[in-house]
Amino acid sequence: MVATCGHKRDGHPMVELIEIEEKQRLRHEEAAATLRWLTGSLSRHNELEFVRGGLLVRVEVPKQVELEVEIEVGTEGGSLDVEVS
């Protein structure tokens, strides 16, 4: 089964909303590799494709997006949040 978010392609169903939230503890090299995969997939294919729970999810990304980057640094540590919508 394929769930497609974005513009409908012939033969593929369109799903209004799929929300997948995932949190992992990774080494910084592994996090960087994941970010490279995301950016590479966006720049080459204008879509993201992955499998979660036996479901192939394909997210088509429009030519223009909003990019939000938030950096927080404090005495207890920091965080970097990146959102593309």
# chains A, B, ... in the order shown; residues from 1 in each chain; ligands from 1
>>> residues_around(residues="A:Leu80", least_positions_apart="2", cutoff="9 Å", atoms="only C-alpha atoms", output="list of chain:residue names")
A:Val69, A:Glu70, A:Ile71, A:Glu72, A:Val73, A:Gly78, A:Val82
>>> residues_around(residues="stretch 30-45 of chain A", least_positions_apart="6", cutoff="12 Å", atoms="only C-alpha atoms", output="MDAnalysis selection string")
chainID A and resid 23:24 58:65 80:84
>>> atom_distance(atom1="atom CA of A:His28", atom2="atom CA of A:Glu49")
22.8 Å
>>> closest_residue(among="A:Ser85, A:Arg52, A:Gly74, A:Ser79", to="A:Ile20", atoms="only C-alpha atoms")
A:Arg52
>>> select_by_dssp(residues="stretch 18-77 of chain A", states="strand (DSSP E)", output="PyMOL selection string")
chain A and resi 47-52+55-60+67-74+77
>>> write_last_selection(atoms="N, CA and C atoms", output="PDB file, in the first residue's frame")
ATOM      1  N   GLU A  47      10.682  14.909  -3.496  1.00  0.00           N
ATOM      2  CA  GLU A  47       9.817  14.094  -2.655  1.00  0.00           C
ATOM      3  C   GLU A  47      10.659  13.332  -1.644  1.00  0.00           C
ATOM      4  N   LEU A  48       9.978  12.864  -0.619  1.00  0.00           N
ATOM      5  CA  LEU A  48      10.578  11.980   0.371  1.00  0.00           C
ATOM      6  C   LEU A  48       9.806  10.676   0.312  1.00  0.00           C
ATOM      7  N   GLU A  49      10.500   9.569   0.413  1.00  0.00           N
ATOM      8  CA  GLU A  49       9.844   8.273   0.384  1.00  0.00           C
ATOM      9  C   GLU A  49      10.467   7.418   1.475  1.00  0.00           C
ATOM     10  N   PHE A  50       9.611   6.826   2.313  1.00  0.00           N
ATOM     11  CA  PHE A  50      10.093   5.971   3.381  1.00  0.00           C
ATOM     12  C   PHE A  50       9.009   4.982   3.782  1.00  0.00           C
ATOM     13  N   VAL A  51       9.395   3.960   4.534  1.00  0.00           N
ATOM     14  CA  VAL A  51       8.459   2.939   4.986  1.00  0.00           C
ATOM     15  C   VAL A  51       8.321   3.036   6.495  1.00  0.00           C
ATOM     16  N   ARG A  52       7.091   3.078   6.964  1.00  0.00           N
ATOM     17  CA  ARG A  52       6.798   3.082   8.398  1.00  0.00           C
ATOM     18  C   ARG A  52       5.636   2.137   8.637  1.00  0.00           C
ATOM     19  N   LEU A  55       3.943   0.480   5.688  1.00  0.00           N
ATOM     20  CA  LEU A  55       3.281   1.375   4.749  1.00  0.00           C
ATOM     21  C   LEU A  55       4.328   2.231   4.052  1.00  0.00           C
ATOM     22  N   LEU A  56       4.335   2.223   2.726  1.00  0.00           N
ATOM     23  CA  LEU A  56       5.223   3.080   1.954  1.00  0.00           C
ATOM     24  C   LEU A  56       4.598   4.465   1.901  1.00  0.00           C
ATOM     25  N   VAL A  57       5.324   5.447   2.410  1.00  0.00           N
ATOM     26  CA  VAL A  57       4.827   6.826   2.447  1.00  0.00           C
ATOM     27  C   VAL A  57       5.651   7.652   1.479  1.00  0.00           C
ATOM     28  N   ARG A  58       4.972   8.344   0.570  1.00  0.00           N
ATOM     29  CA  ARG A  58       5.634   9.215  -0.394  1.00  0.00           C
ATOM     30  C   ARG A  58       5.086  10.622  -0.192  1.00  0.00           C
ATOM     31  N   VAL A  59       5.965  11.546   0.149  1.00  0.00           N
ATOM     32  CA  VAL A  59       5.571  12.929   0.390  1.00  0.00           C
ATOM     33  C   VAL A  59       6.146  13.779  -0.727  1.00  0.00           C
ATOM     34  N   GLU A  60       5.285  14.312  -1.568  1.00  0.00           N
ATOM     35  CA  GLU A  60       5.723  15.190  -2.645  1.00  0.00           C
ATOM     36  C   GLU A  60       5.879  16.607  -2.099  1.00  0.00           C
ATOM     37  N   LEU A  67      10.938  27.517   5.070  1.00  0.00           N
ATOM     38  CA  LEU A  67      11.980  26.909   5.879  1.00  0.00           C
ATOM     39  C   LEU A  67      12.112  27.698   7.164  1.00  0.00           C
ATOM     40  N   GLU A  68      11.973  27.009   8.278  1.00  0.00           N
ATOM     41  CA  GLU A  68      12.112  27.653   9.588  1.00  0.00           C
ATOM     42  C   GLU A  68      13.241  26.960  10.341  1.00  0.00           C
ATOM     43  N   VAL A  69      14.201  27.734  10.813  1.00  0.00           N
ATOM     44  CA  VAL A  69      15.323  27.212  11.591  1.00  0.00           C
ATOM     45  C   VAL A  69      15.309  27.905  12.937  1.00  0.00           C
ATOM     46  N   GLU A  70      15.309  27.114  13.998  1.00  0.00           N
ATOM     47  CA  GLU A  70      15.289  27.657  15.354  1.00  0.00           C
ATOM     48  C   GLU A  70      16.451  27.056  16.141  1.00  0.00           C
ATOM     49  N   ILE A  71      17.246  27.923  16.719  1.00  0.00           N
ATOM     50  CA  ILE A  71      18.392  27.486  17.528  1.00  0.00           C
ATOM     51  C   ILE A  71      18.203  28.020  18.929  1.00  0.00           C
ATOM     52  N   GLU A  72      18.302  27.136  19.909  1.00  0.00           N
ATOM     53  CA  GLU A  72      18.221  27.530  21.310  1.00  0.00           C
ATOM     54  C   GLU A  72      19.477  27.046  22.014  1.00  0.00           C
ATOM     55  N   VAL A  73      20.131  27.935  22.725  1.00  0.00           N
ATOM     56  CA  VAL A  73      21.333  27.582  23.464  1.00  0.00           C
ATOM     57  C   VAL A  73      21.175  28.080  24.888  1.00  0.00           C
ATOM     58  N   GLY A  74      21.398  27.196  25.840  1.00  0.00           N
ATOM     59  CA  GLY A  74      21.288  27.566  27.241  1.00  0.00           C
ATOM     60  C   GLY A  74      22.356  26.859  28.060  1.00  0.00           C
ATOM     61  N   GLY A  77      22.316  23.024  27.742  1.00  0.00           N
ATOM     62  CA  GLY A  77      22.489  22.444  26.415  1.00  0.00           C
ATOM     63  C   GLY A  77      21.771  23.280  25.378  1.00  0.00           C
TER      64      GLY A  77
END
